[in-house]
Structures are given as structure tokens and as C-alpha cells.
Amino acid sequence: MAGFRCNGAEFRLDQAGDRVLADVLREDLGLTGTKIGCGTGDCGACTVLLDGSPVNSCLVYAVECAGSEVQTVEGVSHSGTGQVLAEELAAAGAVQCGICTSGLLVMAVSLLEADPAPDRAGIETALSGNLCRCTGYLAIVRAVEAAAGRLADEREAG
Ligand code: FES
Ligand code: FES
């Protein structure tokens, strides 16, 4: 059976069976940064990038990813955007229990790579599928705004 690429490395899907991507990432690849909150596509905790687009990995069968590129929070955290976002989320107090954080980070990286200067409404819309029980969301939105500002400053400084 074909495999898929995850965070730049090749993996086979022989043992995937009928499991969803979130389970294969966590159980077979040891990528436990991807969290499972609801398992029904409602919370966004399991968000990963599939061929560059955010998906709920609890709703995607792993075998559907054959030939595709998956990026998990472990992968995006190494990008410049991911590092700045992680720092700003921590600084803003937007990381409390942490269940939502990986999915939020992946979604926010996807947002800032598509739109480096989103307004507040754009951030809220982009993150509307990522539920957080702890923070009340304002700290998260402010962290994304701060990250966008820092990244713009870095680009300007060249
Ligand atoms: S665990 Fe996948 S959306 Fe909640
Ligand atoms: S920090 Fe707990 S769910 Fe968001």
C-alpha cells in the first residue's frame, strides 16, 4: 500500500486499517502533539494540514492520505511563523489546559501564510472551528495579532 509524507518524512500505511489520521499520527508515528477532543469534527483540536489545507484529522481516514503531504503541529512549529505564534500564544496566556493549542497553532499558521495581515474579524473567522474551553478566546486572538505584527516587522527588517 502507498504511503504518505508527514513533516517531510515518508511513512507507509500498511498498518493503518480503517483508523482515522489522528489515531495513526498519534499511535503509529508517535506524533502526540495532535490532540483528540471530540472525535466528531466539532472542536478542531486535531487540526493538521493535508496538502497545505487544514483538516480535522479525526474525520479523515489515514488511507485517504496516500500520496499526500501531512503537516502536524510538530512540523509547523519549526517554521518561522509557527515559532512566533507559539511564543505569542504563551506570552498572551492563551495556553491553559493545552488541548486546543495544537489545532489552533496549525490553523493560525495556515491563516498567516495565506493572509499575513488579517484583521480581527478575519482571525475570528479563521479560528471559529477551534474551540477553547479555557481562555475565552480574546487572548488567542490577541496572540495571533501580535504574531502577525512581529512577522511583518521581521519581513520589513529583511
Ligand atoms: S477531535 Fe477532531 S474535531 Fe474534535
Ligand atoms: S487552553 Fe484549554 S481548551 Fe483551550
# chains A, B, ... in the order shown; residues from 1 in each chain; ligands from 1
>>> residues_around(residues="Leu151 (chain A)", least_positions_apart="5", cutoff="10 Å", atoms="only C-alpha atoms", output="PyMOL selection string")
chain A and resi 80-81+84-85+112+116-117+145-146+156-157
>>> residues_near_ligand(ligand="ligand 2", cutoff="9 Å", atoms="only C-alpha atoms and all ligand atoms", output="PyMOL selection string")
chain A and resi 37+45+93-101+104+130-137+140
>>> closest_atom_pairs(of="chain A", to="ligand 1", cutoff="6 Å", atoms="only C-alpha atoms and all ligand atoms", output="JSON lines")
{"residue": "A:Ile36", "atom": "CA", "partner": "ligand 1", "partner_atom_place_in_ligand_line": "1 (S)", "distance": 3.9}
{"residue": "A:Gly37", "atom": "CA", "partner": "ligand 1", "partner_atom_place_in_ligand_line": "1 (S)", "distance": 4.1}
{"residue": "A:Cys38", "atom": "CA", "partner": "ligand 1", "partner_atom_place_in_ligand_line": "4 (Fe)", "distance": 3.9}
{"residue": "A:Gly39", "atom": "CA", "partner": "ligand 1", "partner_atom_place_in_ligand_line": "1 (S)", "distance": 3.9}
{"residue": "A:Thr40", "atom": "CA", "partner": "ligand 1", "partner_atom_place_in_ligand_line": "3 (S)", "distance": 5.6}
{"residue": "A:Gly41", "atom": "CA", "partner": "ligand 1", "partner_atom_place_in_ligand_line": "3 (S)", "distance": 3.3}
{"residue": "A:Asp42", "atom": "CA", "partner": "ligand 1", "partner_atom_place_in_ligand_line": "3 (S)", "distance": 4.4}
{"residue": "A:Cys43", "atom": "CA", "partner": "ligand 1", "partner_atom_place_in_ligand_line": "4 (Fe)", "distance": 3.8}
{"residue": "A:Gly44", "atom": "CA", "partner": "ligand 1", "partner_atom_place_in_ligand_line": "3 (S)", "distance": 4.0}
{"residue": "A:Ala45", "atom": "CA", "partner": "ligand 1", "partner_atom_place_in_ligand_line": "1 (S)", "distance": 5.2}
{"residue": "A:Cys46", "atom": "CA", "partner": "ligand 1", "partner_atom_place_in_ligand_line": "2 (Fe)", "distance": 4.5}
{"residue": "A:Asn56", "atom": "CA", "partner": "ligand 1", "partner_atom_place_in_ligand_line": "2 (Fe)", "distance": 4.9}
{"residue": "A:Ser57", "atom": "CA", "partner": "ligand 1", "partner_atom_place_in_ligand_line": "2 (Fe)", "distance": 5.9}
{"residue": "A:Cys58", "atom": "CA", "partner": "ligand 1", "partner_atom_place_in_ligand_line": "2 (Fe)", "distance": 4.3}
>>> residues_around(residues="Val70 (chain A)", least_positions_apart="3", cutoff="10 Å", atoms="only C-alpha atoms", output="VMD selection string")
chain A and resid 4 to 9 21 25 48 to 55 57 65 67 75
>>> write_last_selection(atoms="N, CA and C atoms", output="tab-separated table (two decimals), in the first residue's frame")
chain	number	residue	atom	x	y	z
A	4	PHE	N	2.48	8.01	2.81
A	4	PHE	CA	2.29	9.45	2.74
A	4	PHE	C	3.48	10.12	3.38
A	5	ARG	N	3.62	11.40	3.12
A	5	ARG	CA	4.69	12.16	3.74
A	5	ARG	C	4.12	12.91	4.94
A	6	CYS	N	4.86	12.89	6.02
A	6	CYS	CA	4.42	13.64	7.20
A	6	CYS	C	5.60	14.42	7.74
A	7	ASN	N	5.45	15.73	7.80
A	7	ASN	CA	6.52	16.61	8.27
A	7	ASN	C	7.81	16.34	7.52
A	8	GLY	N	7.68	16.00	6.23
A	8	GLY	CA	8.84	15.84	5.36
A	8	GLY	C	9.41	14.44	5.30
A	9	ALA	N	8.91	13.51	6.10
A	9	ALA	CA	9.41	12.13	6.08
A	9	ALA	C	8.35	11.20	5.50
A	21	LEU	N	-6.81	9.44	10.54
A	21	LEU	CA	-5.46	10.01	10.51
A	21	LEU	C	-4.98	10.39	11.90
A	25	LEU	N	-1.45	9.08	13.37
A	25	LEU	CA	-0.39	10.03	13.73
A	25	LEU	C	0.06	9.80	15.17
A	48	VAL	N	-4.74	19.33	11.35
A	48	VAL	CA	-3.43	19.21	10.68
A	48	VAL	C	-3.59	19.78	9.28
A	49	LEU	N	-2.47	19.97	8.60
A	49	LEU	CA	-2.52	20.41	7.21
A	49	LEU	C	-2.40	19.19	6.31
A	50	LEU	N	-3.33	19.04	5.38
A	50	LEU	CA	-3.30	17.96	4.40
A	50	LEU	C	-3.12	18.62	3.04
A	51	ASP	N	-1.97	18.38	2.44
A	51	ASP	CA	-1.61	19.07	1.20
A	51	ASP	C	-1.84	20.58	1.34
A	52	GLY	N	-1.45	21.09	2.51
A	52	GLY	CA	-1.46	22.53	2.74
A	52	GLY	C	-2.76	23.11	3.27
A	53	SER	N	-3.81	22.30	3.31
A	53	SER	CA	-5.10	22.82	3.78
A	53	SER	C	-5.46	22.22	5.13
A	54	PRO	N	-6.02	23.03	6.05
A	54	PRO	CA	-6.38	22.49	7.36
A	54	PRO	C	-7.54	21.51	7.28
A	55	VAL	N	-7.40	20.39	7.98
A	55	VAL	CA	-8.48	19.39	8.06
A	55	VAL	C	-8.57	18.91	9.50
A	57	SER	N	-8.31	15.94	11.54
A	57	SER	CA	-7.73	14.62	11.25
A	57	SER	C	-8.52	13.49	11.91
A	65	CYS	N	-4.98	9.53	2.78
A	65	CYS	CA	-3.83	10.42	2.68
A	65	CYS	C	-2.71	9.84	1.83
A	67	GLY	N	-0.16	9.23	-0.75
A	67	GLY	CA	0.40	10.13	-1.76
A	67	GLY	C	0.36	11.60	-1.37
A	75	GLY	N	5.46	19.63	12.90
A	75	GLY	CA	6.08	20.15	11.69
A	75	GLY	C	5.98	21.66	11.59
>>> select_by_dssp(residues="chain A", states="strand (DSSP E or B)", output="list in words")
Gly3, Phe4, Arg5, Cys6, Ala9, Glu10, Phe11, Arg12, Val20, Thr47, Val48, Leu49, Leu50, Ser53, Pro54, Val55, Asn56, Tyr61, Glu69, Val70 and Gln71 of chain A
>>> closest_residue(among="A:Ala114, A:Ala147, A:Leu13, A:Val141", to="Gly82 (chain A)", atoms="only C-alpha atoms")
A:Ala147
>>> closest_residue(among="A:Ala62, A:Ala121, A:Leu105, A:Leu29", to="Ser79 (chain A)", atoms="only C-alpha atoms")
A:Leu105
>>> atom_distance(atom1="CA of Thr47 (chain A)", atom2="CA of Ala22 (chain A)")
8.7 Å
>>> closest_residue(among="A:Gly158, A:Gly149, A:Gly103, A:Gly17", to="Glu64 (chain A)", atoms="only C-alpha atoms")
A:Gly17
>>> atom_distance(atom1="CA of Ala16 (chain A)", atom2="CA of Val76 (chain A)")
23.3 Å
>>> closest_residue(among="A:Gly3, A:Asp119, A:Arg19, A:Val109", to="Gln83 (chain A)", atoms="only C-alpha atoms")
A:Val109
>>> select_by_dssp(residues="region 22-106 of chain A", states="alpha helix (DSSP H)", output="list of chain:residue names")
A:Ala22, A:Asp23, A:Val24, A:Leu25, A:Arg26, A:Glu27, A:Val73, A:Glu74, A:Gly75, A:Val76, A:Gly80, A:Thr81, A:Gly82, A:Gln83, A:Val84, A:Leu85, A:Ala86, A:Glu87, A:Glu88, A:Leu89, A:Ala90, A:Ala91, A:Thr101, A:Ser102, A:Gly103, A:Leu104, A:Leu105, A:Val106
>>> write_last_selection(atoms="C-alpha atoms", output="compact mmCIF listing (two decimals), in the first residue's frame")
# COMPACT_ATOMS: atom_id res chain seq x y z
CA ALA A 22 -5.44 11.41 14.05
CA ASP A 23 -5.08 7.91 15.51
CA VAL A 24 -2.36 6.84 13.08
CA LEU A 25 -0.39 10.03 13.73
CA ARG A 26 -0.56 9.52 17.48
CA GLU A 27 -0.31 5.74 17.75
CA VAL A 73 1.88 20.74 14.88
CA GLU A 74 5.33 19.18 15.29
CA GLY A 75 6.08 20.15 11.69
CA VAL A 76 4.60 23.64 11.60
CA GLY A 80 9.30 30.79 11.49
CA THR A 81 5.58 31.53 11.59
CA GLY A 82 4.91 28.59 13.91
CA GLN A 83 7.67 29.59 16.32
CA VAL A 84 6.46 33.19 16.57
CA LEU A 85 2.86 32.07 17.05
CA ALA A 86 3.84 29.61 19.78
CA GLU A 87 5.75 32.34 21.61
CA GLU A 88 2.91 34.84 21.34
CA LEU A 89 0.27 32.30 22.44
CA ALA A 90 2.34 31.55 25.53
CA ALA A 91 3.04 35.23 26.24
CA THR A 101 -3.43 24.67 21.37
CA SER A 102 -2.02 22.36 18.70
CA GLY A 103 -5.04 22.69 16.47
CA LEU A 104 -5.14 26.44 16.98
CA LEU A 105 -1.47 26.76 16.15
CA VAL A 106 -1.84 24.76 12.94
>>> closest_residue(among="A:Arg155, A:Val20, A:Phe11, A:Glu124", to="Ala139 (chain A)", atoms="only C-alpha atoms")
A:Glu124
>>> atom_distance(atom1="CA of Gln71 (chain A)", atom2="CA of Arg120 (chain A)")
25.6 Å
